[in-house]
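The next block holds one structure in the form of structure tokens; read it before the comments.
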Amino acid sequence: ISSAVCCRAQIHSSIMKTFHVLCIALLICSAFVAVQAAGLPKLNIDRKGITVSGISAGGFMAVQFHLAHSNVIAGAGVIAGGPYWCAQDQLSNAFIQCMYATMPINVDTLVSRAKANADSGKIDPVSNIANSPVWIFSGTKDTVVSPKVVQATADFYQALNANVTEVFDVAAQHSQITDNYGSACSFLGSPYINNCDLDGAG
């Protein structure tokens, strides 16, 4: 009998714990819905001044996002990032060609795809890119994403008549560069923030 009572007690305890977890989850969901319903406050933002930036995979993302949403994105900052449609839907390209450019990257092919995607409505018109400010950086010591890949990004934007600023003459490893904080400029490793006497965020 004591064994049965013990078993029932354990079952009851388990049910109560599950009930408590469900209640907490319900409260969290309710709070989330309440926040969503309240919405965000209106902000005085100049929509013509919205830009997108990123480093490494974030740099690739910044280029993709800029091209896809150029109706609302005014420019881009790209550190160690490759050009639009670099991988061309091939995983092997993403891990090899778009990292090391073992073969020259055919920028004309990428520009043609961007124009085709724009014509089909998959992305915003590429005409928006003309005169768009784009800052592109690649360190001469970068062993993760080759400067040749990043040069293809610059060439891609130039083909679309963007206002491109290229910085390819700093002896930086793969990192977010700063003008007064971080590891040595040529260091590769966490936290990937290097002091290169250059303000890469500003």
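In the structure tokens, the first chain shown is A, the next is B, and so on; residue numbers restart at 1 for each chain, and ligands run from 1 in the order shown.
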
Counting only C-alpha atoms, which residues of segment 105-189 of chain A fall within 9 Å of segment 78-82 of chain A, and what is the closest atom pair for each with its distance in Å at one decimal, ordered by chain and rising number, as CSV?
residue,atom,partner,partner_atom,distance
A:Val134,CA,A:Val78,CA,7.6
A:Trp135,CA,A:Val78,CA,6.1
A:Ile136,CA,A:Val78,CA,4.8
A:Phe137,CA,A:Ile79,CA,4.8
A:Ser138,CA,A:Ala80,CA,5.2
A:Gly139,CA,A:Ala80,CA,7.8
A:Asp142,CA,A:Ala80,CA,8.2
A:Val144,CA,A:Ala80,CA,8.5
A:Val145,CA,A:Ala80,CA,6.0
A:Ser146,CA,A:Ala80,CA,7.8
A:Pro147,CA,A:Ala80,CA,7.3
A:Val149,CA,A:Gly82,CA,5.5
A:Val150,CA,A:Gly82,CA,5.2
A:Gln151,CA,A:Gly82,CA,8.1
A:Ala152,CA,A:Gly82,CA,6.9
A:Thr153,CA,A:Gly82,CA,5.3
A:Ala154,CA,A:Gly82,CA,8.8
A:His174,CA,A:Ala80,CA,7.2
A:Ser175,CA,A:Ile79,CA,8.2
A:Gln176,CA,A:Ile79,CA,7.5
A:Ile177,CA,A:Ile79,CA,8.9

Open item on the list: For Ile193 of chain A, find every residue with an atom within 10 Å (counting only C-alpha atoms), except residues of its own chain fewer than 3 positions away, and show them as a VMD selection string.
Closed with: chain A and resid 173 to 178 181 to 185 187 to 190 196

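Interatomic distance, atom CA of Ile73 of chain A to atom CA of Ile50 of chain A: 5.3 Å.
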
Task: d(atom CA of Ala62 of chain A, atom CA of Ala74 of chain A) in Å - done: 11.8 Å

Open item on the list: For a quick check of understanding, using only C-alpha atoms, which of A:Ser186, A:Gln97, A:Asn163, A:Ser127 has the smallest distance to Val111 of chain A?
Closed with: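 Nearest to Val111 of chain A: A:Ser127.
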
Task: Counting only C-alpha atoms, the option among A:Lys148, A:Asp89, A:Gly49, A:Ala57 closest to Thr102 of chain A - done: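 Nearest to Thr102 of chain A: A:Lys148.
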
- [ ] Name the residues of chain A that come out as strand (DSSP E or B) in a backbone DSSP run; write them as number ranges by chain.
- [x] A: 51-55, 75-79, 133-137, 163-167, 176-178, 183-184, 193-195

Which residues are close to Gln88 of chain A, i.e. within 9 Å by only C-alpha atoms, leaving aside same-chain residues fewer than 5 positions away? Reply as a compact mmCIF listing (two decimals) with all heavy atoms, in the first residue's frame.
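Writing the result to out-v5.txt gives the following:
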# COMPACT_ATOMS: atom_id res chain seq x y z
N ASN A 93 30.33 26.46 -53.36
CA ASN A 93 30.79 27.82 -53.65
C ASN A 93 30.84 28.66 -52.38
O ASN A 93 31.76 29.46 -52.18
CB ASN A 93 29.86 28.50 -54.66
CG ASN A 93 30.11 28.03 -56.08
OD1 ASN A 93 31.12 27.38 -56.37
ND2 ASN A 93 29.20 28.33 -56.98
N ALA A 94 29.83 28.49 -51.53
CA ALA A 94 29.74 29.28 -50.30
C ALA A 94 30.96 29.04 -49.41
O ALA A 94 31.49 29.98 -48.79
CB ALA A 94 28.46 28.94 -49.55
N LEU A 110 27.00 37.81 -61.69
CA LEU A 110 26.28 38.21 -60.48
C LEU A 110 25.42 39.45 -60.74
O LEU A 110 24.29 39.55 -60.26
CB LEU A 110 27.26 38.48 -59.35
CG LEU A 110 28.28 37.36 -59.06
CD1 LEU A 110 29.14 37.72 -57.86
CD2 LEU A 110 27.58 36.02 -58.85

Using DSSP secondary structure from the backbone, list all alpha helix (DSSP H) positions within segment 40-176 of chain A, as a short mmCIF file (atom, residue, chain, number, x, y, z; two decimals) with all heavy atoms, in the first residue's frame.
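Dumped everything to selection33.cif:
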data_model
loop_
_atom_site.label_atom_id
_atom_site.label_comp_id
_atom_site.auth_asym_id
_atom_site.auth_seq_id
_atom_site.Cartn_x
_atom_site.Cartn_y
_atom_site.Cartn_z
N ALA A 57 30.10 36.92 -42.38
CA ALA A 57 28.78 36.47 -42.84
C ALA A 57 27.78 37.63 -42.79
O ALA A 57 26.89 37.74 -43.64
CB ALA A 57 28.29 35.32 -41.97
N GLY A 58 27.97 38.51 -41.79
CA GLY A 58 27.13 39.69 -41.71
C GLY A 58 27.38 40.65 -42.86
O GLY A 58 26.47 41.38 -43.29
N GLY A 59 28.60 40.66 -43.39
CA GLY A 59 28.91 41.46 -44.56
C GLY A 59 28.21 40.93 -45.80
O GLY A 59 27.67 41.70 -46.60
N PHE A 60 28.22 39.61 -45.95
CA PHE A 60 27.46 39.00 -47.05
C PHE A 60 25.98 39.34 -46.91
O PHE A 60 25.31 39.67 -47.89
CB PHE A 60 27.64 37.48 -47.02
CG PHE A 60 28.93 36.98 -47.61
CD1 PHE A 60 30.09 36.90 -46.84
CD2 PHE A 60 29.00 36.55 -48.92
CE1 PHE A 60 31.28 36.43 -47.36
CE2 PHE A 60 30.18 36.07 -49.47
CZ PHE A 60 31.32 36.01 -48.69
N MET A 61 25.47 39.25 -45.67
CA MET A 61 24.06 39.55 -45.41
C MET A 61 23.75 41.00 -45.76
O MET A 61 22.70 41.30 -46.34
CB MET A 61 23.75 39.28 -43.94
CG MET A 61 22.32 39.61 -43.49
SD MET A 61 21.96 41.36 -43.19
CE MET A 61 23.11 41.75 -41.86
N ALA A 62 24.66 41.92 -45.40
CA ALA A 62 24.42 43.33 -45.67
C ALA A 62 24.25 43.59 -47.16
O ALA A 62 23.37 44.36 -47.58
CB ALA A 62 25.59 44.16 -45.11
N VAL A 63 25.08 42.94 -47.97
CA VAL A 63 24.96 43.11 -49.42
C VAL A 63 23.64 42.55 -49.93
O VAL A 63 22.92 43.20 -50.70
CB VAL A 63 26.14 42.41 -50.14
CG1 VAL A 63 25.96 42.46 -51.66
CG2 VAL A 63 27.46 43.05 -49.74
N GLN A 64 23.29 41.35 -49.48
CA GLN A 64 22.03 40.73 -49.91
C GLN A 64 20.84 41.61 -49.52
O GLN A 64 19.92 41.84 -50.31
CB GLN A 64 21.87 39.36 -49.25
CG GLN A 64 22.95 38.34 -49.58
CD GLN A 64 22.88 37.85 -51.01
OE1 GLN A 64 23.86 37.91 -51.75
NE2 GLN A 64 21.74 37.38 -51.43
N PHE A 65 20.87 42.10 -48.28
CA PHE A 65 19.76 42.90 -47.76
C PHE A 65 19.66 44.23 -48.50
O PHE A 65 18.56 44.69 -48.82
CB PHE A 65 19.95 43.13 -46.26
CG PHE A 65 18.70 43.60 -45.56
CD1 PHE A 65 17.78 42.69 -45.09
CD2 PHE A 65 18.45 44.95 -45.39
CE1 PHE A 65 16.62 43.11 -44.45
CE2 PHE A 65 17.30 45.39 -44.76
CZ PHE A 65 16.38 44.48 -44.29
N HIS A 66 20.80 44.84 -48.77
CA HIS A 66 20.81 46.10 -49.50
C HIS A 66 20.18 45.94 -50.88
O HIS A 66 19.34 46.75 -51.29
CB HIS A 66 22.26 46.60 -49.63
CG HIS A 66 22.38 47.95 -50.25
ND1 HIS A 66 23.55 48.40 -50.79
CD2 HIS A 66 21.48 48.96 -50.41
CE1 HIS A 66 23.38 49.63 -51.25
NE2 HIS A 66 22.14 49.98 -51.04
N LEU A 67 20.59 44.90 -51.58
CA LEU A 67 20.03 44.67 -52.92
C LEU A 67 18.55 44.33 -52.86
O LEU A 67 17.77 44.80 -53.68
CB LEU A 67 20.80 43.55 -53.62
CG LEU A 67 21.99 43.94 -54.51
CD1 LEU A 67 21.51 44.64 -55.78
CD2 LEU A 67 23.00 44.81 -53.77
N ALA A 68 18.17 43.52 -51.91
CA ALA A 68 16.78 43.08 -51.83
C ALA A 68 15.84 44.21 -51.45
O ALA A 68 14.69 44.25 -51.91
CB ALA A 68 16.65 41.93 -50.82
N LEU A 91 26.33 25.13 -52.37
CA LEU A 91 26.95 25.13 -51.04
C LEU A 91 28.47 25.10 -51.13
O LEU A 91 29.16 25.75 -50.34
CB LEU A 91 26.43 23.93 -50.23
CG LEU A 91 26.79 23.92 -48.74
CD1 LEU A 91 26.21 25.15 -48.05
CD2 LEU A 91 26.27 22.64 -48.09
N SER A 92 29.00 24.37 -52.10
CA SER A 92 30.46 24.29 -52.24
C SER A 92 31.04 25.66 -52.56
O SER A 92 32.13 26.01 -52.09
CB SER A 92 30.83 23.29 -53.34
OG SER A 92 30.25 23.66 -54.58
N CYS A 98 33.54 31.56 -52.31
CA CYS A 98 33.15 32.82 -51.68
C CYS A 98 33.97 33.13 -50.43
O CYS A 98 33.73 34.16 -49.77
CB CYS A 98 31.66 32.80 -51.33
SG CYS A 98 30.60 32.72 -52.77
N MET A 99 34.90 32.26 -50.11
CA MET A 99 35.81 32.51 -48.99
C MET A 99 37.23 32.80 -49.48
O MET A 99 37.90 33.68 -48.94
CB MET A 99 35.85 31.30 -48.06
CG MET A 99 34.50 30.95 -47.44
SD MET A 99 33.90 32.19 -46.30
CE MET A 99 34.90 31.84 -44.86
N TYR A 100 37.65 32.06 -50.52
CA TYR A 100 39.04 32.15 -50.94
C TYR A 100 39.23 32.60 -52.38
O TYR A 100 40.35 32.91 -52.79
CB TYR A 100 39.73 30.80 -50.75
CG TYR A 100 39.52 30.23 -49.37
CD1 TYR A 100 38.75 29.08 -49.17
CD2 TYR A 100 40.08 30.84 -48.24
CE1 TYR A 100 38.54 28.57 -47.90
CE2 TYR A 100 39.87 30.33 -46.97
CZ TYR A 100 39.10 29.19 -46.81
OH TYR A 100 38.89 28.69 -45.54
N VAL A 107 31.95 38.64 -61.90
CA VAL A 107 31.05 39.68 -61.41
C VAL A 107 29.92 39.94 -62.39
O VAL A 107 28.78 40.22 -61.99
CB VAL A 107 31.84 40.97 -61.11
CG1 VAL A 107 30.91 42.12 -60.74
CG2 VAL A 107 32.83 40.73 -59.98
N ASP A 108 30.20 39.85 -63.68
CA ASP A 108 29.16 40.09 -64.70
C ASP A 108 27.98 39.14 -64.51
O ASP A 108 26.82 39.53 -64.66
CB ASP A 108 29.73 39.92 -66.11
CG ASP A 108 30.69 41.04 -66.48
OD1 ASP A 108 30.63 42.12 -65.83
OD2 ASP A 108 31.50 40.85 -67.41
N THR A 109 28.28 37.89 -64.15
CA THR A 109 27.21 36.90 -63.92
C THR A 109 26.36 37.31 -62.73
O THR A 109 25.13 37.20 -62.76
CB THR A 109 27.82 35.51 -63.66
OG1 THR A 109 28.54 35.09 -64.83
CG2 THR A 109 26.74 34.49 -63.35
N LEU A 110 27.00 37.81 -61.69
CA LEU A 110 26.28 38.21 -60.48
C LEU A 110 25.42 39.45 -60.74
O LEU A 110 24.29 39.55 -60.26
CB LEU A 110 27.26 38.48 -59.35
CG LEU A 110 28.28 37.36 -59.06
CD1 LEU A 110 29.14 37.72 -57.86
CD2 LEU A 110 27.58 36.02 -58.85
N VAL A 111 25.95 40.38 -61.51
CA VAL A 111 25.19 41.59 -61.86
C VAL A 111 23.98 41.21 -62.71
O VAL A 111 22.87 41.71 -62.49
CB VAL A 111 26.08 42.60 -62.61
CG1 VAL A 111 25.24 43.75 -63.17
CG2 VAL A 111 27.17 43.14 -61.68
N SER A 112 24.18 40.30 -63.64
CA SER A 112 23.07 39.85 -64.50
C SER A 112 21.98 39.19 -63.68
O SER A 112 20.79 39.42 -63.91
CB SER A 112 23.58 38.88 -65.58
OG SER A 112 24.46 39.53 -66.47
N ARG A 113 22.37 38.38 -62.68
CA ARG A 113 21.37 37.74 -61.83
C ARG A 113 20.62 38.78 -61.01
O ARG A 113 19.40 38.68 -60.83
CB ARG A 113 22.03 36.70 -60.93
CG ARG A 113 21.09 36.11 -59.86
CD ARG A 113 19.78 35.59 -60.46
NE ARG A 113 19.94 34.42 -61.26
CZ ARG A 113 19.72 33.18 -60.85
NH1 ARG A 113 19.31 32.97 -59.60
NH2 ARG A 113 19.89 32.17 -61.67
N ALA A 114 21.33 39.75 -60.48
CA ALA A 114 20.68 40.81 -59.70
C ALA A 114 19.65 41.55 -60.56
O ALA A 114 18.52 41.81 -60.11
CB ALA A 114 21.71 41.78 -59.16
N LYS A 115 20.01 41.88 -61.77
CA LYS A 115 19.08 42.58 -62.67
C LYS A 115 17.89 41.70 -63.01
O LYS A 115 16.74 42.18 -63.05
CB LYS A 115 19.81 43.01 -63.94
CG LYS A 115 20.83 44.12 -63.70
CD LYS A 115 21.54 44.51 -64.99
CE LYS A 115 22.49 45.67 -64.76
NZ LYS A 115 23.23 46.04 -66.00
N ALA A 116 18.14 40.41 -63.24
CA ALA A 116 17.04 39.49 -63.54
C ALA A 116 16.10 39.35 -62.35
O ALA A 116 14.87 39.33 -62.51
CB ALA A 116 17.60 38.12 -63.95
N ASN A 117 16.66 39.25 -61.16
CA ASN A 117 15.82 39.15 -59.96
C ASN A 117 15.00 40.41 -59.74
O ASN A 117 13.85 40.36 -59.30
CB ASN A 117 16.69 38.87 -58.73
CG ASN A 117 17.17 37.43 -58.67
OD1 ASN A 117 16.69 36.57 -59.40
ND2 ASN A 117 18.13 37.16 -57.80
N ALA A 118 15.60 41.55 -60.07
CA ALA A 118 14.87 42.81 -59.95
C ALA A 118 13.74 42.88 -60.98
O ALA A 118 12.62 43.29 -60.66
CB ALA A 118 15.82 43.99 -60.11
N ASP A 119 14.03 42.46 -62.20
CA ASP A 119 13.02 42.49 -63.26
C ASP A 119 11.83 41.59 -62.95
O ASP A 119 10.70 41.88 -63.34
CB ASP A 119 13.63 42.08 -64.61
CG ASP A 119 14.60 43.13 -65.15
OD1 ASP A 119 14.53 44.29 -64.69
OD2 ASP A 119 15.43 42.78 -66.02
N PRO A 147 40.77 38.93 -49.58
CA PRO A 147 40.52 40.26 -50.17
C PRO A 147 40.03 40.18 -51.63
O PRO A 147 39.34 41.08 -52.09
CB PRO A 147 41.88 40.94 -50.08
CG PRO A 147 42.53 40.32 -48.87
CD PRO A 147 42.09 38.88 -48.91
N LYS A 148 40.37 39.10 -52.32
CA LYS A 148 39.90 38.95 -53.70
C LYS A 148 38.38 38.81 -53.75
O LYS A 148 37.73 39.29 -54.70
CB LYS A 148 40.56 37.73 -54.35
CG LYS A 148 42.04 37.87 -54.58
CD LYS A 148 42.62 36.70 -55.33
CE LYS A 148 42.66 35.45 -54.47
NZ LYS A 148 43.33 34.31 -55.18
N VAL A 149 37.81 38.16 -52.74
CA VAL A 149 36.35 38.03 -52.66
C VAL A 149 35.73 39.40 -52.42
O VAL A 149 34.73 39.78 -53.05
CB VAL A 149 35.95 37.06 -51.53
CG1 VAL A 149 34.44 37.04 -51.35
CG2 VAL A 149 36.49 35.65 -51.81
N VAL A 150 36.32 40.15 -51.52
CA VAL A 150 35.79 41.46 -51.17
C VAL A 150 35.96 42.44 -52.33
O VAL A 150 35.12 43.31 -52.56
CB VAL A 150 36.44 42.00 -49.88
CG1 VAL A 150 35.76 43.28 -49.41
CG2 VAL A 150 36.38 40.94 -48.77
N GLN A 151 37.03 42.28 -53.08
CA GLN A 151 37.21 43.10 -54.27
C GLN A 151 36.09 42.86 -55.27
O GLN A 151 35.63 43.80 -55.95
CB GLN A 151 38.57 42.81 -54.92
CG GLN A 151 38.87 43.71 -56.13
CD GLN A 151 38.95 45.18 -55.76
OE1 GLN A 151 39.75 45.58 -54.92
NE2 GLN A 151 38.11 46.00 -56.39
N ALA A 152 35.64 41.63 -55.35
CA ALA A 152 34.50 41.32 -56.23
C ALA A 152 33.24 42.06 -55.77
O ALA A 152 32.41 42.47 -56.60
CB ALA A 152 34.25 39.82 -56.26
N THR A 153 33.11 42.25 -54.46
CA THR A 153 31.98 43.03 -53.94
C THR A 153 32.07 44.47 -54.42
O THR A 153 31.07 45.06 -54.86
CB THR A 153 31.98 43.00 -52.40
OG1 THR A 153 31.97 41.64 -51.95
CG2 THR A 153 30.77 43.73 -51.83
N ALA A 154 33.25 45.04 -54.33
CA ALA A 154 33.45 46.41 -54.81
C ALA A 154 33.17 46.51 -56.31
O ALA A 154 32.50 47.45 -56.76
CB ALA A 154 34.87 46.87 -54.49
N ASP A 155 33.66 45.54 -57.06
CA ASP A 155 33.44 45.55 -58.51
C ASP A 155 31.96 45.41 -58.84
O ASP A 155 31.45 46.05 -59.77
CB ASP A 155 34.22 44.40 -59.16
CG ASP A 155 35.73 44.58 -59.04
OD1 ASP A 155 36.18 45.71 -58.74
OD2 ASP A 155 36.46 43.58 -59.23
N PHE A 156 31.26 44.60 -58.07
CA PHE A 156 29.83 44.41 -58.26
C PHE A 156 29.09 45.74 -58.07
O PHE A 156 28.27 46.15 -58.91
CB PHE A 156 29.30 43.37 -57.28
CG PHE A 156 27.81 43.21 -57.28
CD1 PHE A 156 27.19 42.33 -58.16
CD2 PHE A 156 27.02 43.94 -56.39
CE1 PHE A 156 25.81 42.19 -58.16
CE2 PHE A 156 25.65 43.80 -56.39
CZ PHE A 156 25.04 42.93 -57.28
N TYR A 157 29.37 46.42 -56.97
CA TYR A 157 28.70 47.68 -56.70
C TYR A 157 29.08 48.75 -57.73
O TYR A 157 28.23 49.56 -58.14
CB TYR A 157 29.04 48.17 -55.29
CG TYR A 157 28.09 47.67 -54.24
CD1 TYR A 157 28.51 46.78 -53.25
CD2 TYR A 157 26.76 48.10 -54.20
CE1 TYR A 157 27.64 46.33 -52.26
CE2 TYR A 157 25.89 47.66 -53.21
CZ TYR A 157 26.33 46.78 -52.26
OH TYR A 157 25.45 46.35 -51.29
N GLN A 158 30.33 48.76 -58.15
CA GLN A 158 30.74 49.73 -59.16
C GLN A 158 30.02 49.50 -60.48
O GLN A 158 29.68 50.46 -61.18
CB GLN A 158 32.25 49.67 -59.34
CG GLN A 158 33.02 50.27 -58.17
CD GLN A 158 34.50 49.99 -58.21
OE1 GLN A 158 34.97 49.10 -58.93
NE2 GLN A 158 35.26 50.71 -57.40
N ALA A 159 29.74 48.24 -60.80
CA ALA A 159 29.00 47.93 -62.03
C ALA A 159 27.58 48.46 -61.98
O ALA A 159 26.96 48.70 -63.02
CB ALA A 159 28.99 46.42 -62.26
#

Open item on the list: Please compute the atom CA of Trp85 of chain A-atom CA of Thr140 of chain A distance, one decimal, in Å.
Closed with: 23.8 Å

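The closest residue to Lys122 of chain A, picked from A:Ala76, A:Ser70, A:Ala162, A:Asp169 and counting only C-alpha atoms, is A:Ser70.
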